[in-house]
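Notes for the one structure printed next.
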Amino acid sequence: MNEPRDLAFGLIKQQKFAEALELLPSLIESKPDNSNLHFLMGQCLRFTEKIPEAINCYIKAINISPNAPENFLALGIAYQLNENFEQAIDALKKAIELDSNYFSAYNSIGLTYRIIGNFKEALHWYSRGKEIVVNEVVDRLLKEENPDPENQINDYGEKVLYAPPEHLEKVHEHLKSDPIYAIISNNIGVCLMELGDKDSALEQFKESIEFIPDGYNYPDPYEHLESMRVEIVFLYVGVRNDEFGFYKEEWKGVKSKKNRDHGIYEGMIKNGLPSGQGTYTIPEMEKIIGEFKEGKPWNGTGYDKNGNITARFVNGEIIEQ
């Protein structure tokens with residue numbers, strides 16, 4: 001029995017990461033070629049918000065075990081937390097290259113693209129992840145009854161398992177036994193909502209709610225449905241008597257520095273200010289799409305008149321492109 005190792009593993013299982021960090025360095029010193037120890041060190045550092053140090057540990061684990069997809073998943077998540085988004089996507093794609101059915105990697109890539117405002121790409125990866133979840137359930141159910149079930153080819157040229165109608169109830173039951181399907185459906189709904197496909201988003205949120213496991217607390221799809229019920233309004237962004245603000249009526253008088261409209265906001269509001277999902281447009285110049293908070297772009301993307309990305313907004317901070 002290896003008491004320090006067992007104690008460290010026990011602390012990690014109890015989520016006592018700071019205490020585990022006190023034991024892991026000596027374990028790594030005694031077994032420097034053990035990739036799992038470097039991986040666990042990285043996990044403890046990540047969960048204690050020491051992200052750059054965690055990244056170094058994951059890289060060491062990868063150098064020892066370059067074919068372990070979980071190492072690349074952990075590295076990708078750490079890069080994402082450190083706002084190294086391109087590196088995050090590269091690491092997560094490597095995880096999928098090593099395991100094409102690695103749901104967590106698909107979901108993490110989708111989240112990364114959502115953070116940087118590329119909702120179309122996020123939707124692609126979330127949709128692939130959702131397909132994998134369903135296929136794994138169908139695969140498991142069919143193999144329990146038939147060791148050589150019928151295969152079909154999906155849109156990506158991959159073999160998938162065909163589920164006859166009598167299996168649908170069992171598939172539904174299994175998908176509802178784990179929150180993953182509800183979560184990925186909600187994530188897809190968010191992307192569709194951001195892309196302006198509100199009808200499809202609505203269906204995804206409803207499906208997410210349908211598949212939330214009994215007793216599991218997951219309010220997100222309910223909140224998104226509620227936000228979609230909020231009336232979408234138009235506000236004119238400009239100045240009246242030299243006072244900047246958001247106005248319900250278009251300025252129709254003589255335009256001057258003190259009285260004119262700069263652009264139009266379409267979306268949700270709170271206390272008369274843009275708050276929630278919306279679009280701010282300056283005709284013939286630029287457009288900002290995403291989440292607004294107290295009248296300011298909060299999480300979203302800016303585009304020029306040709307559709308090129310000019311800026312991204314993350315938690316109220318602008319990131320020039």
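Just so we're on the same page: first chain in the structure tokens is A, next is B, and so on; residues restart at 1 for each chain, and ligands are numbered from 1 in the order they show up.
Summary of the local environment: counting only C-alpha atoms, residues at most 10 Å from Glu250 in chain A, other than itself and those fewer than 2 positions away along its chain, are Phe234, Leu235, Tyr236, Val237, Gly238, Tyr247, Lys248, Lys252, Gly253, Arg260, Asp261, Gly263 and Ile264 of chain A.
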May I have the residues within 10 Å of His224 in chain A as a list of chain:residue names, using only C-alpha atoms and disregarding those fewer than 3 positions away in the same chain?
-> A:Asn186, A:Gly189, A:Val190, A:Met193, A:Ala201, A:Leu202, A:Phe205, A:Lys206, A:Pro219, A:Asp220, A:Pro221, A:Ser227, A:Met228, A:Arg229
Any chance you could list, as a PyMOL selection string, the residues in range 139-297 of chain A that come up strand (DSSP E) when DSSP is run on the backbone?
-> chain A and resi 151-153+159-161+233-240+243-247+260-270+273-282+286-293+296-297
Generate the output file for the selected residues, N, CA and C atoms, as a compact mmCIF listing (two decimals), in the first residue's frame.
# COMPACT_ATOMS: atom_id res chain seq x y z
N ASN A 151 -26.01 -1.48 -39.53
CA ASN A 151 -25.33 -0.19 -39.55
C ASN A 151 -25.86 0.69 -40.67
N GLN A 152 -25.82 2.01 -40.44
CA GLN A 152 -26.12 2.97 -41.47
C GLN A 152 -24.99 4.01 -41.51
N ILE A 153 -24.99 4.85 -42.55
CA ILE A 153 -23.97 5.87 -42.70
C ILE A 153 -24.61 7.23 -42.43
N LYS A 159 -20.18 5.15 -39.71
CA LYS A 159 -21.18 4.12 -39.46
C LYS A 159 -21.90 4.42 -38.15
N VAL A 160 -23.21 4.35 -38.20
CA VAL A 160 -24.01 4.53 -36.98
C VAL A 160 -24.98 3.36 -36.87
N LEU A 161 -25.53 3.19 -35.69
CA LEU A 161 -26.44 2.08 -35.46
C LEU A 161 -27.88 2.53 -35.62
N VAL A 233 -37.96 44.76 -28.75
CA VAL A 233 -38.30 46.16 -29.04
C VAL A 233 -37.23 46.80 -29.91
N PHE A 234 -37.59 47.93 -30.50
CA PHE A 234 -36.66 48.76 -31.27
C PHE A 234 -36.38 50.02 -30.46
N LEU A 235 -35.12 50.37 -30.35
CA LEU A 235 -34.72 51.63 -29.72
C LEU A 235 -33.79 52.37 -30.67
N TYR A 236 -33.99 53.67 -30.74
CA TYR A 236 -33.10 54.51 -31.54
C TYR A 236 -32.00 55.04 -30.64
N VAL A 237 -30.76 54.81 -31.06
CA VAL A 237 -29.60 55.21 -30.26
C VAL A 237 -29.07 56.52 -30.81
N GLY A 238 -29.08 57.55 -29.97
CA GLY A 238 -28.64 58.84 -30.46
C GLY A 238 -28.66 59.91 -29.39
N VAL A 239 -28.77 61.14 -29.81
CA VAL A 239 -28.78 62.27 -28.87
C VAL A 239 -30.04 63.11 -29.10
N ARG A 240 -30.56 63.62 -27.99
CA ARG A 240 -31.67 64.56 -28.01
C ARG A 240 -31.28 65.71 -27.09
N GLU A 243 -28.11 65.08 -25.31
CA GLU A 243 -28.08 64.03 -24.30
C GLU A 243 -28.17 62.67 -24.96
N PHE A 244 -27.10 61.87 -24.79
CA PHE A 244 -27.07 60.54 -25.40
C PHE A 244 -28.03 59.61 -24.67
N GLY A 245 -28.71 58.76 -25.44
CA GLY A 245 -29.61 57.81 -24.80
C GLY A 245 -30.24 56.86 -25.80
N PHE A 246 -31.23 56.10 -25.30
CA PHE A 246 -31.97 55.12 -26.12
C PHE A 246 -33.42 55.59 -26.16
N TYR A 247 -33.93 55.83 -27.36
CA TYR A 247 -35.22 56.49 -27.52
C TYR A 247 -36.18 55.62 -28.33
N ARG A 260 -29.81 63.81 -33.22
CA ARG A 260 -29.66 62.89 -34.34
C ARG A 260 -29.64 61.46 -33.82
N ASP A 261 -29.84 60.50 -34.71
CA ASP A 261 -29.72 59.07 -34.37
C ASP A 261 -28.42 58.54 -34.95
N HIS A 262 -27.74 57.73 -34.14
CA HIS A 262 -26.51 57.08 -34.60
C HIS A 262 -26.78 55.67 -35.12
N GLY A 263 -27.76 55.01 -34.51
CA GLY A 263 -28.03 53.64 -34.90
C GLY A 263 -29.33 53.14 -34.30
N ILE A 264 -29.58 51.84 -34.48
CA ILE A 264 -30.82 51.21 -34.00
C ILE A 264 -30.47 49.96 -33.20
N TYR A 265 -31.14 49.81 -32.07
CA TYR A 265 -31.00 48.59 -31.26
C TYR A 265 -32.29 47.79 -31.37
N GLU A 266 -32.14 46.49 -31.64
CA GLU A 266 -33.28 45.57 -31.68
C GLU A 266 -33.00 44.42 -30.73
N GLY A 267 -33.84 44.27 -29.71
CA GLY A 267 -33.61 43.17 -28.78
C GLY A 267 -34.34 43.38 -27.47
N MET A 268 -33.83 42.73 -26.43
CA MET A 268 -34.45 42.80 -25.11
C MET A 268 -33.95 44.02 -24.35
N ILE A 269 -34.81 44.54 -23.48
CA ILE A 269 -34.43 45.70 -22.69
C ILE A 269 -34.80 45.49 -21.22
N LYS A 270 -34.19 46.28 -20.38
CA LYS A 270 -34.52 46.30 -18.95
C LYS A 270 -34.32 47.74 -18.46
N LEU A 273 -33.07 50.21 -21.02
CA LEU A 273 -31.74 50.04 -21.60
C LEU A 273 -31.60 48.66 -22.24
N PRO A 274 -30.79 48.54 -23.29
CA PRO A 274 -30.52 47.21 -23.86
C PRO A 274 -29.96 46.27 -22.81
N SER A 275 -30.67 45.17 -22.57
CA SER A 275 -30.23 44.16 -21.60
C SER A 275 -30.75 42.81 -22.06
N GLY A 276 -29.81 41.89 -22.31
CA GLY A 276 -30.17 40.59 -22.87
C GLY A 276 -29.68 40.50 -24.30
N GLN A 277 -30.28 39.58 -25.06
CA GLN A 277 -29.85 39.37 -26.43
C GLN A 277 -30.38 40.47 -27.34
N GLY A 278 -29.50 40.95 -28.22
CA GLY A 278 -29.92 42.00 -29.12
C GLY A 278 -28.90 42.30 -30.20
N THR A 279 -29.27 43.24 -31.07
CA THR A 279 -28.40 43.66 -32.18
C THR A 279 -28.39 45.18 -32.26
N TYR A 280 -27.20 45.75 -32.28
CA TYR A 280 -27.04 47.20 -32.44
C TYR A 280 -26.45 47.45 -33.82
N THR A 281 -27.14 48.25 -34.63
CA THR A 281 -26.72 48.49 -36.00
C THR A 281 -26.49 49.96 -36.27
N ILE A 282 -25.32 50.27 -36.81
CA ILE A 282 -25.04 51.62 -37.33
C ILE A 282 -25.09 51.49 -38.84
N GLU A 286 -21.40 49.44 -39.12
CA GLU A 286 -21.08 48.25 -38.35
C GLU A 286 -22.32 47.72 -37.62
N LYS A 287 -22.13 46.52 -37.05
CA LYS A 287 -23.20 45.86 -36.32
C LYS A 287 -22.59 45.09 -35.16
N ILE A 288 -23.26 45.11 -34.00
CA ILE A 288 -22.84 44.34 -32.83
C ILE A 288 -23.97 43.39 -32.47
N ILE A 289 -23.67 42.10 -32.41
CA ILE A 289 -24.67 41.08 -32.11
C ILE A 289 -24.24 40.33 -30.85
N GLY A 290 -25.17 40.15 -29.93
CA GLY A 290 -24.85 39.37 -28.74
C GLY A 290 -25.63 39.81 -27.53
N GLU A 291 -25.01 39.68 -26.38
CA GLU A 291 -25.65 40.02 -25.11
C GLU A 291 -25.27 41.44 -24.70
N PHE A 292 -26.28 42.19 -24.28
CA PHE A 292 -26.06 43.56 -23.79
C PHE A 292 -26.41 43.62 -22.30
N LYS A 293 -25.76 44.54 -21.61
CA LYS A 293 -26.01 44.69 -20.18
C LYS A 293 -25.95 46.17 -19.82
N LYS A 296 -24.78 48.44 -22.61
CA LYS A 296 -23.45 48.24 -23.21
C LYS A 296 -23.30 46.82 -23.74
N PRO A 297 -22.54 46.65 -24.83
CA PRO A 297 -22.23 45.29 -25.30
C PRO A 297 -21.50 44.53 -24.20
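Note that CA of Leu111 in chain A and CA of Ala61 in chain A are 23.9 Å apart.
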Residues of range 200-229 of chain A in alpha helix (DSSP H) according to DSSP, as a ChimeraX atom specification?
-> /A:200-210,220-229
Those residues you just picked out, can you put them in a file as a CSV table (one decimal), in the first residue's frame with C-alpha atoms?
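Generated file (selection_14.csv):
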chain,number,residue,atom,x,y,z
A,200,SER,CA,-35.5,26.0,-33.8
A,201,ALA,CA,-34.0,27.4,-30.5
A,202,LEU,CA,-37.4,27.1,-28.9
A,203,GLU,CA,-37.7,23.5,-29.9
A,204,GLN,CA,-34.2,22.7,-28.4
A,205,PHE,CA,-35.0,24.4,-25.1
A,206,LYS,CA,-38.3,22.4,-24.9
A,207,GLU,CA,-36.4,19.2,-25.7
A,208,SER,CA,-33.8,20.1,-23.0
A,209,ILE,CA,-36.5,20.5,-20.4
A,210,GLU,CA,-38.1,17.2,-21.5
A,220,ASP,CA,-30.9,27.1,-17.9
A,221,PRO,CA,-33.5,26.1,-20.6
A,222,TYR,CA,-36.3,27.4,-18.5
A,223,GLU,CA,-34.5,30.8,-18.2
A,224,HIS,CA,-33.9,30.9,-22.0
A,225,LEU,CA,-37.5,30.1,-22.7
A,226,GLU,CA,-38.5,32.9,-20.4
A,227,SER,CA,-36.1,35.3,-22.1
A,228,MET,CA,-37.7,34.4,-25.5
A,229,ARG,CA,-41.1,35.4,-24.2
Residues near Gln15 in chain A, cut-off 12 Å, only C-alpha atoms, skip fewer than 3 positions along chain, as JSON, numbers by chain | {"A": [8, 9, 10, 11, 12, 18, 19, 20, 21, 40, 43, 44, 45, 46, 47, 48]}
Would you kindly return, as a count of residues only, each protein, DNA or RNA residue with an atom no farther than 12 Å from any atom of Ser65 in chain A, considering only C-alpha atoms and excluding same-chain residues fewer than 6 positions away?
-> 12
Near Asn82 in chain A, counting only C-alpha atoms, which residues have an atom at most 12 Å away, once you skip same-chain residues fewer than 4 positions from it, shown as a list in words?
->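 What passes the distance filter is Arg46, Glu49, Lys50, Ile51, Pro52, Glu53, Ala54, Ile55, Leu75, Gly76, Ile77, Ala78, Glu86, Gln87, Ala88 and Thr112 of chain A.
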